[in-house]
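Worksheet for the structure shown next.
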Amino acid sequence: MKINSFKTNERGLNRFFGPLEARIMSILWNGPEMSIKDVQRGLEHDKSANFNTVMTVMNRLVDKGILSKRTAGRGALYRPVQTMDEFIENQSKELTQDLLEEFGLRAVNHMLDALEEADRDLLDKLERKIKELKKEG
Amino acid sequence: MWSKRSRNLFLLGTLTAGMILLEMALYLTGDLLNREWKFNLFQFCQSVFQKLGWTVVGYVLDGLVVLTLAAVAGMLASEAIRSFRFRRRLKEIELEPLTSEINHRYGKIGAAVHVVESGEPLACTVGLWKPQIVLSTGLIRLLDSRELEAVLHHEHYHQKHGDPFKTFLLSLFASVFRYIPLLRWLELPYRTAREILADRYAMERMGSPEALGSALLKLLKRDKPSRLPLSYVSFAETSVNDRIRHILDPAKQLPLNLPVRAVLVSASTFLLIGSALLFML
């Protein structure tokens with residue numbers, strides 16, 4: 001799952017979601033598996049969040065792979081696919097990868113670039129030397 | 001030895017390319033202003049072509065000059081824009097609490113660091129001007145505090161000396177002057193020399209090669225090394241062995257293996273240019 005519209009001027013979950021999406025995700029991350037009605041109750045102070053709107057947004061989140069949905073009786077229950085920490089970490093990784101791919105600059109000096117094959121003997125020698133230095137230290 | 005080698009390689013590259021670019025710029029302005037310069041190789045060649053009636057070859061020469069100058073200007077502008085945009089994006093995606101923590105913990109080094117989320121252990125210095133040091137969470141997780149300090153000293157050396165700009169210049173000349181193999185060749189030994197100098201600086205600041213060597217070892221011995229998207233910066237293809245040799249024995253001289261063919265081709269080119277200039281006298 002990858003969020004395509006990253007909002008750089010926002011903070012927290014609002015970086016990855018629209019305002020209503022962020023509130024819905026926050027409710028779902030802070031509770032058990034919920035139905036659309038449960039989530040709507042959590043949003044009761046938000047008059048714009050009627051049942052149909054919440055249902056549309058939640059199903060869109062299912063389509064994006066952010067929520068999972070299972071049938072329970074006559075309704076359906078929803079829960080986030082990842083924990084909030086996992087989600088933010090993965091999205092941040094994607095953003096870093098995108099940044100590096102987009103700006104494949106030549107004006108770069110790496111500590112170690114492509115992790116290429118180093119000479120095995122040299123690596124062994126280096127390992128021995130580090131061990132000796134650690135002992136001396 | 002390494003700083004002398006690095007300086008000589010950089011001078012060789014920039015003076016060679018700079019001289020040709022200056023000659024080209026003079027030729028173009030001379031053409032536009034209808035003015036003759038005393039020692040301009042391109043004007044000389046053009047006059048010879050005209051005398052011989054080789055008009056088409058003259059047009060080819062004009063095209064070569066215009067395209068080369070346009071390529072240099074275009075690449076410089078494009079890289080400057082990309083550097084600017086990179087810095088702006090970096091500010092947006094950096095992990096603020098961790099960035100502050102690392103800058104506070106290693107503040108005495110004097111390197112301004114940005115931390116980004118990535119499983120890959122990444123440490124690099126980026127940008128044409130005011131280069132920025134970028135570390136990844138993967139690297140912070142992999143290294144202990146002394147190893148990380150050594151890596152920061154290494155990157156700080158690149159940052160202080162404006163290495164990204166210098167390496168970019170050589171890389172630019174190598175791609176613009178493909179017909180001068182010497183310029184293509186010297187990019188790699190130059191990068192290697194800069195890496196070794198940065199390693200040396202880090203070892204001096206740490207008082208021992210242990211932390212840097214250990215960091216390098218951890219990076220090289222990771223289970224499944226994967227290439228970073230920036231990996232076309234291919235210096236490490238061979239330089240890592242030289243860097244290990246230098247850590248094992250900093251006093252040992254490592255030979256600079258001159259590519260005979262590249263030297264011969266470049267030398268012949270310059271011999272021709274020299275002869276032409278002498279003929280003009």
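The chains in the structure tokens are called A, B, ... from first to last as shown; in each chain the residues are counted from 1, and the ligands are counted from 1 in the order shown.
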
All helix (DSSP H, G or I) positions in segment 11-56 of chain B, as a PyMOL selection string: chain B and resi 11-33+41-52+55-56

Filtered DSSP result for segment 5-249 of chain B, state strand (DSSP E), as number ranges by chain: B: 113-116, 123-126, 132-136

Selection near Met25 of chain A, 10 Å with only C-alpha atoms, sequence-local residues under 4 positions removed, as a PDB file with C-alpha atoms, in the first residue's frame:
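And here's part_34.pdb as it stands now:
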```pdb
ATOM      1  CA  LEU A  13      -1.612  11.478  10.090  1.00  0.00           C
ATOM      2  CA  PHE A  17      -4.780  11.325   4.792  1.00  0.00           C
ATOM      3  CA  LEU A  20     -11.971  12.873   7.630  1.00  0.00           C
ATOM      4  CA  GLU A  21      -9.792   9.906   6.668  1.00  0.00           C
ATOM      5  CA  TRP A  29      -6.282   2.577  15.499  1.00  0.00           C
ATOM      6  CA  ASN A  30      -7.461   3.337  19.009  1.00  0.00           C
ATOM      7  CA  VAL A  39     -16.951   4.771  13.589  1.00  0.00           C
ATOM      8  CA  MET A  58     -13.975   3.645   4.731  1.00  0.00           C
ATOM      9  CA  LEU A  61      -9.546   2.994   2.513  1.00  0.00           C
ATOM     10  CA  ILE A  66      -5.239   0.461   4.415  1.00  0.00           C
ATOM     11  CA  LEU A  67      -8.289  -1.149   6.028  1.00  0.00           C
ATOM     12  CA  ARG A  79      -9.811  -2.769  11.049  1.00  0.00           C
ATOM     13  CA  PRO A  80      -6.466  -1.261   9.953  1.00  0.00           C
ATOM     14  CA  MET A  84      -0.208   3.106  13.290  1.00  0.00           C
TER      15      MET A  84
END
```

Fewer than 3 positions away in the same chain doesn't count, so skip those; otherwise give me all residues within 10 Å of Asn257 of chain B, counting only C-alpha atoms, as a compact mmCIF listing (two decimals) with N, CA and C atoms, in the first residue's frame.
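Final file, result.txt:
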```txt
# COMPACT_ATOMS: atom_id res chain seq x y z
N PRO B 189 39.62 7.22 -9.62
CA PRO B 189 40.68 7.41 -8.62
C PRO B 189 40.50 8.66 -7.77
N LEU B 254 49.66 3.18 -2.13
CA LEU B 254 48.88 2.38 -3.08
C LEU B 254 49.10 2.96 -4.47
N VAL B 260 46.84 2.75 -19.72
CA VAL B 260 47.77 3.09 -20.80
C VAL B 260 47.04 3.62 -22.04
```

Residue contacts of Ser175 of chain B (12 Å, only C-alpha atoms) excluding same-chain residues fewer than 3 positions away, as JSON, numbers by chain: {"A": [106], "B": [17, 68, 71, 72, 75, 168, 169, 170, 171, 172, 178, 179, 180, 181, 182, 183, 184, 185, 187]}

Go ahead and write the selection's residues with N, CA, C and O atoms as a short mmCIF file (atom, residue, chain, number, x, y, z; two decimals), in the first residue's frame.
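Written output follows (part07.cif):
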```
data_model
loop_
_atom_site.label_atom_id
_atom_site.label_comp_id
_atom_site.auth_asym_id
_atom_site.auth_seq_id
_atom_site.Cartn_x
_atom_site.Cartn_y
_atom_site.Cartn_z
N ARG A 106 24.26 13.29 -8.96
CA ARG A 106 25.68 12.95 -9.03
C ARG A 106 26.45 13.65 -7.92
O ARG A 106 27.53 13.26 -7.57
N ALA B 17 39.66 20.21 -18.83
CA ALA B 17 38.30 20.53 -19.31
C ALA B 17 38.11 22.04 -19.37
O ALA B 17 37.50 22.57 -20.32
N THR B 68 28.41 21.26 -26.85
CA THR B 68 29.19 21.03 -25.63
C THR B 68 28.89 22.11 -24.59
O THR B 68 28.62 21.80 -23.43
N ALA B 71 25.45 21.71 -23.27
CA ALA B 71 25.35 20.55 -22.36
C ALA B 71 25.90 20.90 -20.98
O ALA B 71 25.30 20.56 -19.96
N VAL B 72 27.03 21.60 -20.95
CA VAL B 72 27.62 21.98 -19.66
C VAL B 72 26.66 22.89 -18.89
O VAL B 72 26.36 22.67 -17.71
N MET B 75 23.52 20.90 -17.79
CA MET B 75 23.75 19.95 -16.70
C MET B 75 23.98 20.68 -15.38
O MET B 75 23.53 20.23 -14.33
N PHE B 168 31.05 16.11 -8.66
CA PHE B 168 30.08 16.38 -9.73
C PHE B 168 30.77 17.00 -10.94
O PHE B 168 30.51 16.62 -12.08
N LEU B 169 31.68 17.96 -10.68
CA LEU B 169 32.39 18.62 -11.79
C LEU B 169 33.13 17.61 -12.64
O LEU B 169 33.03 17.61 -13.87
N LEU B 170 33.87 16.72 -11.97
CA LEU B 170 34.63 15.72 -12.73
C LEU B 170 33.70 14.78 -13.50
O LEU B 170 34.00 14.39 -14.62
N SER B 171 32.59 14.47 -12.87
CA SER B 171 31.63 13.59 -13.53
C SER B 171 31.00 14.29 -14.74
O SER B 171 30.78 13.67 -15.79
N LEU B 172 30.76 15.59 -14.58
CA LEU B 172 30.23 16.39 -15.70
C LEU B 172 31.22 16.42 -16.86
O LEU B 172 30.85 16.17 -18.02
N ARG B 178 33.46 12.94 -23.78
CA ARG B 178 33.62 11.49 -23.89
C ARG B 178 34.80 11.11 -24.77
O ARG B 178 35.33 10.01 -24.67
N TYR B 179 35.20 12.03 -25.65
CA TYR B 179 36.30 11.73 -26.56
C TYR B 179 37.66 11.97 -25.92
O TYR B 179 38.69 11.84 -26.58
N ILE B 180 37.69 12.34 -24.63
CA ILE B 180 38.97 12.43 -23.91
C ILE B 180 38.96 11.39 -22.80
O ILE B 180 38.47 11.63 -21.69
N PRO B 181 39.44 10.18 -23.08
CA PRO B 181 39.29 9.07 -22.13
C PRO B 181 39.94 9.33 -20.77
O PRO B 181 39.48 8.79 -19.75
N LEU B 182 40.95 10.19 -20.75
CA LEU B 182 41.62 10.48 -19.49
C LEU B 182 40.63 11.11 -18.48
O LEU B 182 40.65 10.80 -17.30
N LEU B 183 39.74 11.96 -18.99
CA LEU B 183 38.76 12.61 -18.11
C LEU B 183 37.77 11.59 -17.55
O LEU B 183 37.32 11.72 -16.42
N ARG B 184 37.46 10.59 -18.37
CA ARG B 184 36.56 9.53 -17.90
C ARG B 184 37.25 8.70 -16.83
O ARG B 184 36.67 8.32 -15.84
N TRP B 185 38.55 8.44 -17.06
CA TRP B 185 39.27 7.56 -16.15
C TRP B 185 39.48 8.20 -14.78
O TRP B 185 39.34 7.55 -13.75
N GLU B 187 37.92 10.12 -12.86
CA GLU B 187 36.82 10.28 -11.91
C GLU B 187 36.90 9.24 -10.78
O GLU B 187 36.73 9.57 -9.62
#
```

Residue among B:Met206, B:Val56, B:Leu76, B:Val151 lying closest to chain A, counting only C-alpha atoms: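 Among the listed residues, the smallest separation from chain A belongs to B:Val151.
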
Using only C-alpha atoms, which residues sit within 8 Å of Val113 of chain B once same-chain residues fewer than 2 positions away are excluded, as an mmCIF file with all heavy atoms, in the first residue's frame?
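Okay, this is what ended up in out00.cif:
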```
data_model
loop_
_atom_site.group_PDB
_atom_site.id
_atom_site.type_symbol
_atom_site.label_atom_id
_atom_site.label_comp_id
_atom_site.auth_asym_id
_atom_site.auth_seq_id
_atom_site.Cartn_x
_atom_site.Cartn_y
_atom_site.Cartn_z
ATOM 1 N N THR B 99 16.379 13.554 14.196
ATOM 2 C CA THR B 99 17.363 14.490 13.656
ATOM 3 C C THR B 99 17.895 15.390 14.774
ATOM 4 O O THR B 99 19.109 15.565 14.926
ATOM 5 C CB THR B 99 16.715 15.355 12.541
ATOM 6 O OG1 THR B 99 16.361 14.492 11.467
ATOM 7 C CG2 THR B 99 17.655 16.419 12.018
ATOM 8 N N ILE B 102 20.149 13.302 17.189
ATOM 9 C CA ILE B 102 21.480 12.984 16.644
ATOM 10 C C ILE B 102 22.338 14.251 16.593
ATOM 11 O O ILE B 102 23.514 14.239 16.963
ATOM 12 C CB ILE B 102 21.357 12.361 15.227
ATOM 13 C CG1 ILE B 102 20.661 10.998 15.296
ATOM 14 C CG2 ILE B 102 22.707 12.235 14.539
ATOM 15 C CD1 ILE B 102 21.457 9.855 15.880
ATOM 16 N N ASN B 103 21.747 15.365 16.170
ATOM 17 C CA ASN B 103 22.512 16.622 16.109
ATOM 18 C C ASN B 103 22.950 17.065 17.499
ATOM 19 O O ASN B 103 24.037 17.613 17.670
ATOM 20 C CB ASN B 103 21.691 17.721 15.428
ATOM 21 C CG ASN B 103 21.731 17.581 13.913
ATOM 22 O OD1 ASN B 103 22.792 17.392 13.328
ATOM 23 N ND2 ASN B 103 20.588 17.633 13.280
ATOM 24 N N ALA B 111 28.758 18.708 12.347
ATOM 25 C CA ALA B 111 28.089 18.338 11.094
ATOM 26 C C ALA B 111 26.574 18.429 11.283
ATOM 27 O O ALA B 111 26.045 17.871 12.235
ATOM 28 C CB ALA B 111 28.462 16.907 10.717
ATOM 29 N N VAL B 115 18.061 13.002 9.444
ATOM 30 C CA VAL B 115 17.782 11.564 9.532
ATOM 31 C C VAL B 115 16.485 11.262 8.785
ATOM 32 O O VAL B 115 15.481 11.954 8.974
ATOM 33 C CB VAL B 115 17.649 11.110 11.004
ATOM 34 C CG1 VAL B 115 17.391 9.605 11.075
ATOM 35 C CG2 VAL B 115 18.910 11.462 11.783
ATOM 36 N N GLN B 132 24.460 18.640 2.427
ATOM 37 C CA GLN B 132 23.769 18.137 3.620
ATOM 38 C C GLN B 132 24.160 16.687 3.871
ATOM 39 O O GLN B 132 24.311 15.918 2.922
ATOM 40 C CB GLN B 132 22.258 18.177 3.397
ATOM 41 C CG GLN B 132 21.725 19.490 2.871
ATOM 42 C CD GLN B 132 21.697 20.567 3.927
ATOM 43 O OE1 GLN B 132 21.094 20.390 4.971
ATOM 44 N NE2 GLN B 132 22.373 21.676 3.656
ATOM 45 N N ILE B 133 24.259 16.338 5.141
ATOM 46 C CA ILE B 133 24.551 14.938 5.479
ATOM 47 C C ILE B 133 23.226 14.228 5.757
ATOM 48 O O ILE B 133 22.404 14.721 6.523
ATOM 49 C CB ILE B 133 25.466 14.851 6.713
ATOM 50 C CG1 ILE B 133 26.836 15.467 6.393
ATOM 51 C CG2 ILE B 133 25.630 13.405 7.176
ATOM 52 C CD1 ILE B 133 27.764 15.579 7.568
ATOM 53 N N VAL B 134 23.032 13.100 5.107
ATOM 54 C CA VAL B 134 21.798 12.330 5.283
ATOM 55 C C VAL B 134 22.139 10.967 5.877
ATOM 56 O O VAL B 134 23.001 10.250 5.348
ATOM 57 C CB VAL B 134 21.063 12.129 3.936
ATOM 58 C CG1 VAL B 134 19.747 11.392 4.143
ATOM 59 C CG2 VAL B 134 20.807 13.465 3.252
ATOM 60 N N LEU B 135 21.489 10.641 6.975
ATOM 61 C CA LEU B 135 21.651 9.313 7.589
ATOM 62 C C LEU B 135 20.290 8.636 7.593
ATOM 63 O O LEU B 135 19.266 9.311 7.684
ATOM 64 C CB LEU B 135 22.102 9.430 9.041
ATOM 65 C CG LEU B 135 23.422 10.090 9.377
ATOM 66 C CD1 LEU B 135 23.670 9.984 10.873
ATOM 67 C CD2 LEU B 135 24.575 9.454 8.621
#
```

Selection: 10 Å around Leu26 of chain B, only C-alpha atoms, excl. self and same-chain fewer than 5 positions, as a list in words: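 Once the nearby chain positions are removed, what remains is Ile20, Leu21, Asp31, Leu32, Arg35, Glu36, Trp37, Phe39, Asn40, Leu41, Phe42 and Gln43 of chain B.
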
Nearest-residue call for chain A, choices B:Val265, B:Leu28, B:Leu219, B:Cys124, using only C-alpha atoms: B:Cys124
